[in-house]
$ cat model_9.cif   # mmCIF, C-alpha atoms
data_entry
#
loop_
_atom_site.label_atom_id
_atom_site.label_comp_id
_atom_site.auth_asym_id
_atom_site.auth_seq_id
_atom_site.Cartn_x
_atom_site.Cartn_y
_atom_site.Cartn_z
CA MET A 1 -14.17 78.48 -36.35
CA SER A 2 -12.46 78.64 -32.97
CA PHE A 3 -14.07 77.76 -29.66
CA GLU A 4 -13.64 78.91 -26.11
CA VAL A 5 -14.35 76.50 -23.26
CA LYS A 6 -16.39 78.02 -20.47
CA ILE A 7 -15.61 76.08 -17.29
CA GLU A 8 -17.15 76.49 -13.85
CA ALA A 9 -15.40 73.57 -12.17
CA ASP A 10 -12.80 73.27 -9.48
CA SER A 11 -9.29 73.17 -10.96
CA ASN A 12 -8.56 69.96 -9.03
CA ASP A 13 -11.41 68.23 -10.88
CA ILE A 14 -10.08 68.77 -14.41
CA THR A 15 -8.01 65.66 -15.17
CA GLU A 16 -9.10 64.68 -18.67
CA HIS A 17 -6.01 65.93 -20.53
CA PRO A 18 -3.08 66.26 -18.09
CA HIS A 19 -0.41 66.08 -20.85
CA GLU A 20 -2.12 68.31 -23.43
CA ASP A 21 0.84 70.72 -23.82
CA LYS A 22 3.66 68.16 -23.59
CA PRO A 23 5.51 66.89 -26.68
CA ARG A 24 4.48 63.44 -27.91
CA PRO A 25 7.56 62.00 -29.65
CA TYR A 26 6.53 58.33 -29.57
CA LEU A 27 4.41 57.40 -32.60
CA CYS A 28 2.32 54.26 -33.08
CA THR A 29 2.94 53.15 -36.69
CA VAL A 30 -0.43 51.36 -36.82
CA CYS A 31 -2.88 54.15 -35.94
CA ASP A 32 -0.60 57.26 -35.83
CA LYS A 33 -1.47 57.97 -32.19
CA ARG A 34 1.32 59.74 -30.26
CA PHE A 35 2.49 59.40 -26.65
CA THR A 36 4.61 61.37 -24.23
CA LYS A 37 6.41 58.32 -22.82
CA LYS A 38 7.85 55.19 -24.40
CA HIS A 39 6.17 52.77 -22.00
CA HIS A 40 2.78 54.35 -22.81
CA LEU A 41 3.39 53.53 -26.47
CA LYS A 42 4.42 49.98 -25.52
CA GLU A 43 1.20 49.44 -23.58
CA HIS A 44 -0.85 50.98 -26.39
CA LYS A 45 0.62 48.60 -28.99
CA GLN A 46 -1.03 45.71 -27.17
CA ILE A 47 -4.38 47.07 -28.37
CA HIS A 48 -3.42 46.07 -31.90
CA ASN A 49 -2.53 42.55 -30.78
CA THR A 50 -5.17 39.87 -30.31
CA GLY A 51 -4.19 38.70 -26.82
CA LYS A 52 -5.38 40.17 -23.51
CA LEU A 53 -2.72 39.08 -21.06
CA TYR A 54 -4.18 40.07 -17.69
CA SER A 55 -7.35 38.37 -16.41
CA CYS A 56 -9.60 39.32 -13.50
CA THR A 57 -9.93 36.62 -10.83
CA GLN A 58 -13.44 37.81 -9.93
CA CYS A 59 -15.12 37.80 -13.35
CA GLU A 60 -14.53 36.82 -16.98
CA LYS A 61 -12.92 40.08 -18.13
CA ARG A 62 -9.39 40.24 -19.50
CA PHE A 63 -7.20 43.31 -20.05
CA LYS A 64 -4.30 44.34 -22.25
CA THR A 65 -2.38 46.16 -19.51
CA LEU A 66 -1.79 45.55 -15.81
CA ASP A 67 -2.85 49.12 -15.03
CA CYS A 68 -6.26 48.52 -16.65
CA LEU A 69 -6.67 45.36 -14.56
CA ARG A 70 -5.80 47.22 -11.34
CA LYS A 71 -8.36 49.92 -12.09
CA HIS A 72 -10.96 47.27 -12.92
CA MET A 73 -10.39 45.51 -9.56
CA ASN A 74 -11.65 48.66 -7.80
CA LEU A 75 -15.12 47.70 -9.07
CA HIS A 76 -14.99 44.49 -7.05
CA SER A 77 -13.49 46.10 -3.95
CA SER A 78 -16.11 48.90 -3.95
CA LYS A 79 -13.29 51.39 -3.30
CA TYR A 80 -15.04 54.11 -5.32
CA LYS A 81 -18.72 53.57 -4.57
CA CYS A 82 -21.57 56.03 -5.07
CA THR A 83 -23.49 56.52 -1.83
CA GLU A 84 -26.63 57.47 -3.78
CA CYS A 85 -27.13 54.40 -5.98
CA GLY A 86 -24.38 51.94 -5.00
CA LYS A 87 -22.64 51.91 -8.39
CA CYS A 88 -18.86 51.32 -8.23
CA PHE A 89 -16.16 52.91 -10.37
CA GLN A 90 -12.57 52.25 -11.35
CA HIS A 91 -11.16 55.55 -10.09
CA ASN A 92 -12.16 58.64 -8.12
CA HIS A 93 -12.56 60.96 -11.12
CA ALA A 94 -15.15 58.63 -12.68
CA LEU A 95 -17.05 58.68 -9.37
CA THR A 96 -16.88 62.49 -9.27
CA VAL A 97 -18.34 62.73 -12.79
CA HIS A 98 -21.04 60.15 -11.96
CA ARG A 99 -22.19 62.10 -8.89
CA ARG A 100 -23.17 64.92 -11.24
CA SER A 101 -25.92 62.64 -12.62
CA HIS A 102 -27.55 62.86 -9.18
CA SER A 103 -26.85 66.53 -8.52
CA GLY A 104 -27.63 67.69 -12.07
CA GLU A 105 -24.39 69.69 -12.17
CA LYS A 106 -23.07 70.43 -15.69
CA PRO A 107 -20.01 72.66 -15.27
CA PHE A 108 -18.83 72.73 -18.92
CA GLU A 109 -20.71 75.10 -21.25
CA CYS A 110 -20.53 75.49 -25.02
CA THR A 111 -19.93 79.16 -25.85
CA VAL A 112 -21.75 78.81 -29.20
CA CYS A 113 -25.12 77.32 -28.17
CA SER A 114 -24.88 77.37 -24.33
CA LYS A 115 -25.49 73.63 -24.06
CA ARG A 116 -23.92 72.25 -20.87
CA PHE A 117 -22.08 69.00 -20.16
CA THR A 118 -20.90 67.00 -17.16
CA GLN A 119 -17.50 66.21 -18.74
CA LEU A 120 -14.98 68.32 -20.63
CA GLY A 121 -14.48 65.54 -23.19
CA ASP A 122 -18.20 65.61 -24.08
CA LEU A 123 -17.98 69.36 -24.65
CA VAL A 124 -14.97 68.94 -26.96
CA VAL A 125 -16.82 66.32 -29.04
CA HIS A 126 -19.97 68.49 -29.10
CA SER A 127 -17.96 71.51 -30.37
CA ARG A 128 -17.25 69.58 -33.57
CA ILE A 129 -20.95 69.92 -34.44
CA HIS A 130 -20.44 73.66 -34.86
CA SER A 131 -17.13 73.38 -36.70
CA GLY A 132 -18.30 70.54 -38.94
CA GLN A 133 -15.23 68.55 -37.91
CA GLU A 134 -16.16 64.88 -38.23
CA PRO A 135 -12.96 63.28 -39.53
CA HIS A 136 -14.01 59.64 -39.40
CA LYS A 137 -16.27 58.88 -42.38
CA CYS A 138 -18.05 55.66 -43.30
CA HIS A 139 -17.13 54.59 -46.84
CA LEU A 140 -20.44 52.74 -47.25
CA CYS A 141 -22.87 55.55 -46.41
CA ASP A 142 -22.87 59.30 -45.84
CA LYS A 143 -22.40 59.21 -42.07
CA ALA A 144 -19.39 60.81 -40.39
CA PHE A 145 -18.23 60.56 -36.79
CA SER A 146 -16.10 62.62 -34.45
CA LYS A 147 -14.61 59.52 -32.80
CA LEU A 148 -12.95 56.51 -34.41
CA GLY A 149 -14.62 54.20 -31.90
CA SER A 150 -18.05 55.47 -32.96
CA LEU A 151 -17.22 54.73 -36.60
CA ASN A 152 -16.04 51.21 -35.73
CA ARG A 153 -19.32 50.51 -33.90
CA HIS A 154 -21.30 51.98 -36.79
CA MET A 155 -19.59 49.68 -39.32
CA ARG A 156 -21.24 46.71 -37.61
CA VAL A 157 -24.56 48.01 -38.99
CA HIS A 158 -23.23 47.26 -42.50
CA THR A 159 -21.27 44.09 -41.74
CA GLY A 160 -23.74 42.52 -39.31
CA ASP A 161 -20.79 41.69 -37.10
CA LYS A 162 -21.70 40.76 -33.52
CA PRO A 163 -18.37 39.94 -31.87
CA TYR A 164 -19.65 39.68 -28.29
CA LYS A 165 -21.18 36.24 -27.72
CA CYS A 166 -22.99 35.13 -24.58
CA SER A 167 -21.29 32.11 -22.99
CA LEU A 168 -24.63 30.89 -21.58
CA CYS A 169 -26.75 30.93 -24.75
CA ASP A 170 -26.36 31.42 -28.51
CA LYS A 171 -27.09 35.16 -28.63
CA SER A 172 -24.45 37.59 -29.91
CA PHE A 173 -24.22 41.38 -29.59
CA THR A 174 -22.57 44.30 -31.34
CA THR A 175 -21.21 45.88 -28.14
CA CYS A 176 -19.81 44.58 -24.87
CA SER A 177 -22.28 46.71 -22.87
CA ASN A 178 -25.23 45.08 -24.64
CA LEU A 179 -23.82 41.65 -23.78
CA GLN A 180 -23.42 42.55 -20.11
CA ARG A 181 -26.96 43.97 -20.04
CA HIS A 182 -28.25 40.72 -21.58
CA LYS A 183 -26.47 38.60 -18.97
CA ARG A 184 -27.87 40.65 -16.10
CA GLY A 185 -31.37 40.68 -17.52
CA VAL A 186 -31.73 37.07 -18.67
CA HIS A 187 -29.21 34.84 -16.92
CA SER A 188 -28.68 36.49 -13.54
CA ASN A 189 -31.01 36.93 -10.57
CA ARG A 190 -28.71 39.40 -8.79
CA ARG A 191 -30.35 42.73 -7.99
CA PRO A 192 -27.73 44.73 -6.08
CA TYR A 193 -29.29 48.18 -6.52
CA ASP A 194 -32.10 49.12 -4.13
CA CYS A 195 -34.28 52.22 -4.09
CA ARG A 196 -33.86 54.26 -0.92
CA TYR A 197 -37.49 55.42 -1.16
CA CYS A 198 -39.38 52.13 -1.53
CA GLY A 199 -36.79 49.35 -1.32
CA LYS A 200 -37.46 48.00 -4.82
CA LEU A 201 -34.51 46.10 -6.27
CA PHE A 202 -32.90 46.53 -9.69
CA LYS A 203 -30.26 44.76 -11.73
CA SER A 204 -28.59 47.92 -13.05
CA SER A 205 -27.83 51.36 -11.65
CA GLY A 206 -29.36 52.91 -14.78
CA ASN A 207 -32.76 51.33 -14.14
CA LEU A 208 -32.55 52.45 -10.51
CA LYS A 209 -31.72 56.02 -11.58
CA TYR A 210 -34.79 56.26 -13.81
CA HIS A 211 -36.97 54.63 -11.14
CA VAL A 212 -35.92 57.25 -8.56
CA TYR A 213 -37.28 59.92 -10.91
CA THR A 214 -40.79 58.50 -10.29
CA HIS A 215 -40.35 59.42 -6.60
CA THR A 216 -38.65 62.78 -7.04
CA GLY A 217 -40.60 63.94 -10.10
CA ALA A 218 -37.34 64.99 -11.75
CA LYS A 219 -37.28 65.67 -15.49
CA PRO A 220 -33.58 66.13 -16.27
CA TYR A 221 -33.80 65.91 -20.07
CA SER A 222 -34.70 69.33 -21.49
CA CYS A 223 -35.35 70.35 -25.09
CA ARG A 224 -32.91 72.97 -26.37
CA HIS A 225 -35.57 74.38 -28.72
CA CYS A 226 -38.45 74.88 -26.25
CA SER A 227 -39.28 74.65 -22.55
CA GLU A 228 -40.35 70.98 -22.57
CA CYS A 229 -38.62 68.64 -20.10
CA PHE A 230 -38.71 64.86 -19.91
CA THR A 231 -37.99 62.04 -17.46
CA TRP A 232 -36.57 59.64 -20.04
CA PRO A 233 -34.01 60.30 -22.82
CA ASP A 234 -36.20 58.38 -25.29
CA GLN A 235 -39.06 60.79 -24.58
CA LEU A 236 -36.81 63.72 -25.47
CA LYS A 237 -35.61 61.98 -28.64
CA THR A 238 -39.20 61.35 -29.78
CA HIS A 239 -40.13 64.96 -28.99
CA LEU A 240 -37.21 66.30 -31.05
CA LEU A 241 -38.25 64.15 -34.00
CA LYS A 242 -41.96 65.00 -33.91
CA SER A 243 -41.87 68.64 -32.82
CA HIS A 244 -38.57 69.93 -34.22
CA ASN A 245 -37.76 67.49 -37.03
CA GLU A 246 -34.37 66.77 -35.45
CA GLY A 247 -32.89 63.27 -35.60
CA THR A 248 -33.46 60.15 -37.68
CA TRP A 249 -36.63 58.19 -38.28
CA PHE A 250 -36.33 54.43 -38.68
CA THR A 251 -38.59 53.08 -41.43
CA CYS A 252 -40.08 49.61 -41.81
CA HIS A 253 -39.03 48.32 -45.23
CA ILE A 254 -42.29 46.34 -45.52
CA CYS A 255 -45.01 48.91 -44.77
CA GLU A 256 -42.91 52.14 -44.50
CA LYS A 257 -44.19 52.92 -41.00
CA LYS A 258 -41.77 55.22 -39.15
CA PHE A 259 -40.33 54.79 -35.65
CA SER A 260 -38.14 56.93 -33.40
CA ARG A 261 -36.09 53.95 -32.14
CA ILE A 262 -34.32 51.18 -34.02
CA ASP A 263 -35.42 48.51 -31.54
CA ASN A 264 -39.05 49.50 -32.10
CA VAL A 265 -38.81 49.03 -35.85
CA LYS A 266 -37.06 45.68 -35.33
CA ALA A 267 -39.90 44.53 -33.06
CA HIS A 268 -42.41 45.81 -35.62
CA ILE A 269 -40.76 43.81 -38.42
CA CYS A 270 -40.98 40.71 -36.21
CA HIS A 271 -44.78 41.12 -36.34
CA HIS A 272 -44.66 41.09 -40.14
CA GLU A 273 -42.46 38.00 -40.21
CA GLY A 274 -44.15 36.18 -37.34
CA VAL A 275 -40.87 35.92 -35.41
CA LYS A 276 -40.97 35.95 -31.60
CA PRO A 277 -37.33 36.13 -30.44
CA TYR A 278 -37.92 36.55 -26.68
CA VAL A 279 -38.43 33.20 -24.94
CA CYS A 280 -39.53 32.55 -21.34
CA TYR A 281 -37.07 30.10 -19.81
CA GLU A 282 -39.77 28.72 -17.49
CA CYS A 283 -42.58 27.83 -19.92
CA GLN A 284 -40.99 28.41 -23.36
CA LYS A 285 -43.68 30.95 -24.33
CA CYS A 286 -42.41 33.38 -26.99
CA PHE A 287 -42.89 37.12 -27.38
CA TYR A 288 -42.24 39.84 -29.94
CA ARG A 289 -40.75 42.33 -27.46
CA ALA A 290 -38.54 42.15 -24.38
CA SER A 291 -41.12 44.26 -22.51
CA GLU A 292 -43.80 41.64 -23.24
CA LEU A 293 -41.57 38.92 -21.79
CA LYS A 294 -40.90 41.09 -18.73
CA SER A 295 -44.65 41.54 -18.15
CA HIS A 296 -45.19 37.80 -18.49
CA LEU A 297 -42.53 36.65 -16.01
CA PRO A 298 -44.46 37.43 -12.77
CA VAL A 299 -46.97 34.64 -13.62
CA HIS A 300 -44.26 32.28 -12.42
CA SER A 301 -44.31 32.64 -8.64
CA ASP A 302 -40.54 32.12 -8.25
CA LEU A 303 -39.90 34.97 -10.71
CA LEU A 304 -42.26 37.46 -9.07
CA TRP A 305 -39.40 39.87 -8.30
CA PHE A 306 -37.58 39.37 -11.58
CA MET A 307 -36.47 42.75 -12.97
CA TRP A 308 -34.32 43.88 -15.88
#
$ encode --input "model_9.cif" --output "structure tokens"
Amino acid sequence: MSFEVKIEADSNDITEHPHEDKPRPYLCTVCDKRFTKKHHLKEHKQIHNTGKLYSCTQCEKRFKTLDCLRKHMNLHSSKYKCTECGKCFQHNHALTVHRRSHSGEKPFECTVCSKRFTQLGDLVVHSRIHSGQEPHKCHLCDKAFSKLGSLNRHMRVHTGDKPYKCSLCDKSFTTCSNLQRHKRGVHSNRRPYDCRYCGKLFKSSGNLKYHVYTHTGAKPYSCRHCSECFTWPDQLKTHLLKSHNEGTWFTCHICEKKFSRIDNVKAHICHHEGVKPYVCYECQKCFYRASELKSHLPVHSDLLWFMW
């Protein structure tokens, strides 16, 4: 099946694949990825090495190439900063794409099902749903993925591997983003994102974005099967499962109760096993869920404004 890409964006904004039609004579013998220039291949090969040679002087992150470090430093300099929520980006194109989350603009449309996307890359990945092209398959279960990175993250479900360890406590995480979220939520009191409507402070731009919806009444997540719209992506996911039987239920292996989210079934199993993994650092009281710990924290006067 072939696909057309329906684009309603400015030609200056399309930068995802600038070398799409150029020959790629330089082949990586490890992963078979090809490059147009020799120095691009040389930089890429560092991915397969263990060392990250370039370190940021402002935070703990290290990078395999100097170019990646330079782009990262833009986050600290606030060179590309969103005027709506204060979030910073590594380059101007990322900021342009992010601004669409505020405007609701989705210029890339699938010609098969009319679903729209903010980025061309997301449309390309989505198109594989219609073609059935999911080349990266898990050899331990029936799941297949359109991206190799998605398969690598999925494999941690089988191996239990949690390579990202917090340097301040003993917790480990399957992804770097989960580790950073943990550090902001548990170990840091910084709240750099403020609501322009009420002044409330947040630790992440994502939490601020969803909070702003309570002021504007926006419901940006729409069901493709019916006219229902939702404020939160989890609300849409639950709706798709219950109303349209689309998605995956997560089942408790003890009582077979079903849940729409994996973290909910994990918290539910904790009730069966009597495990309370969330600990208050002020009074050592334990809780089954992170939300229960969050609700508890304001009892300590010095943590009254603590937010995740």
$ resolve_selection --input "model_9.cif" --expression "the PyMOL selection byres ((chain A and resi 207-210) around 8)" --output "VMD selection string"
chain A and resid 85 193 to 195 201 to 206 211 to 214 231 to 232 308
$ atom_distance --input "model_9.cif" --atom1 "atom CA of Cys113 of chain A" --atom2 "atom CA of Pro233 of chain A"
19.9 Å
$ residues_around --input "model_9.cif" --residues "His136 of chain A" --least-positions-apart "4" --cutoff "7 Å" --atoms "only C-alpha atoms" --output "list of chain:residue names"
A:Ala144, A:Phe145, A:Ser146, A:Lys147, A:Leu148, A:Leu151
$ atom_distance --input "model_9.cif" --atom1 "atom CA of Ser295 of chain A" --atom2 "atom CA of Lys87 of chain A"
26.2 Å
$ residues_around --input "model_9.cif" --residues "Gln235 of chain A" --least-positions-apart "3" --cutoff "12 Å" --atoms "only C-alpha atoms" --output "list in words"
Lys219, Pro220, Tyr221, Ser222, Cys223, Glu228, Cys229, Phe230, Thr231, Trp232, Thr238, His239, Leu240, Leu241, Lys242, Ser243, Ser260 and Arg261 of chain A
$ residues_around --input "model_9.cif" --residues "Arg24 of chain A" --least-positions-apart "6" --cutoff "10 Å" --atoms "all atoms listed in the file" --output "short mmCIF file (atom, residue, chain, number, x, y, z; two decimals) with C-alpha atoms, keeping the file's coordinate frame"
data_model
loop_
_atom_site.label_atom_id
_atom_site.label_comp_id
_atom_site.auth_asym_id
_atom_site.auth_seq_id
_atom_site.Cartn_x
_atom_site.Cartn_y
_atom_site.Cartn_z
CA LYS A 33 -1.47 57.97 -32.19
CA ARG A 34 1.32 59.74 -30.26
CA PHE A 35 2.49 59.40 -26.65
CA THR A 36 4.61 61.37 -24.23
CA LYS A 37 6.41 58.32 -22.82
CA LYS A 38 7.85 55.19 -24.40
#
$ atom_distance --input "model_9.cif" --atom1 "atom CA of Ser127 of chain A" --atom2 "atom CA of Val157 of chain A"
25.9 Å
$ decode --input "model_9.cif" --residues "segment 76-153 of chain A" --atoms "C-alpha atoms" --output "short mmCIF file (atom, residue, chain, number, x, y, z; two decimals), in the first residue's frame"
data_model
loop_
_atom_site.label_atom_id
_atom_site.label_comp_id
_atom_site.auth_asym_id
_atom_site.auth_seq_id
_atom_site.Cartn_x
_atom_site.Cartn_y
_atom_site.Cartn_z
CA HIS A 76 20.76 26.13 30.01
CA SER A 77 21.13 29.40 28.08
CA SER A 78 17.35 29.59 27.41
CA LYS A 79 18.15 30.52 23.80
CA TYR A 80 15.05 28.72 22.50
CA LYS A 81 12.45 29.34 25.20
CA CYS A 82 8.68 29.01 24.90
CA THR A 83 6.97 32.25 25.93
CA GLU A 84 3.82 30.33 26.89
CA CYS A 85 5.17 27.86 29.45
CA GLY A 86 8.87 28.67 29.84
CA LYS A 87 10.16 25.32 28.55
CA CYS A 88 13.54 25.49 26.78
CA PHE A 89 14.68 23.56 23.72
CA GLN A 90 17.90 22.59 22.02
CA HIS A 91 17.11 24.17 18.65
CA ASN A 92 14.54 26.39 16.95
CA HIS A 93 12.73 23.59 15.09
CA ALA A 94 11.98 21.79 18.36
CA LEU A 95 10.55 25.05 19.74
CA THR A 96 8.42 25.49 16.61
CA VAL A 97 6.97 21.99 17.00
CA HIS A 98 6.38 22.53 20.74
CA ARG A 99 4.41 25.74 20.12
CA ARG A 100 1.85 23.63 18.27
CA SER A 101 0.95 22.01 21.62
CA HIS A 102 -0.35 25.42 22.70
CA SER A 103 -1.95 26.42 19.40
CA GLY A 104 -3.41 22.97 18.66
CA GLU A 105 -2.01 23.11 15.12
CA LYS A 106 -1.53 19.70 13.45
CA PRO A 107 -0.39 20.37 9.87
CA PHE A 108 0.37 16.76 8.81
CA GLU A 109 -2.64 14.62 7.85
CA CYS A 110 -2.88 10.90 7.12
CA THR A 111 -4.63 10.41 3.77
CA VAL A 112 -6.00 7.02 4.86
CA CYS A 113 -7.77 7.84 8.15
CA SER A 114 -7.46 11.68 8.28
CA LYS A 115 -5.70 11.60 11.65
CA ARG A 116 -3.50 14.68 12.07
CA PHE A 117 -0.05 15.13 13.63
CA THR A 118 2.20 17.96 14.76
CA GLN A 119 5.33 16.38 13.23
CA LEU A 120 6.02 14.74 9.88
CA GLY A 121 7.98 11.94 11.59
CA ASP A 122 4.93 11.00 13.68
CA LEU A 123 2.84 10.77 10.51
CA VAL A 124 5.41 8.49 8.86
CA VAL A 125 5.41 6.15 11.88
CA HIS A 126 1.59 6.23 12.03
CA SER A 127 1.35 5.27 8.32
CA ARG A 128 2.94 1.93 9.16
CA ILE A 129 -0.26 1.02 11.03
CA HIS A 130 -2.10 0.94 7.71
CA SER A 131 0.65 -0.85 5.81
CA GLY A 132 1.33 -3.36 8.59
CA GLN A 133 5.01 -2.45 8.42
CA GLU A 134 6.45 -3.11 11.88
CA PRO A 135 9.91 -4.49 11.13
CA HIS A 136 11.25 -4.71 14.68
CA LYS A 137 9.78 -7.79 16.39
CA CYS A 138 10.24 -9.02 19.93
CA HIS A 139 11.48 -12.63 19.95
CA LEU A 140 9.92 -13.26 23.37
CA CYS A 141 6.32 -12.22 22.65
CA ASP A 142 4.10 -11.31 19.71
CA LYS A 143 4.68 -7.56 19.81
CA ALA A 144 6.20 -5.69 16.87
CA PHE A 145 7.43 -2.11 16.68
CA SER A 146 7.99 0.45 13.95
CA LYS A 147 11.10 1.84 15.67
CA LEU A 148 14.16 0.00 16.95
CA GLY A 149 14.30 2.26 20.00
CA SER A 150 10.76 1.25 20.95
CA LEU A 151 11.72 -2.42 20.74
CA ASN A 152 14.80 -1.85 22.91
CA ARG A 153 12.66 -0.15 25.58
#
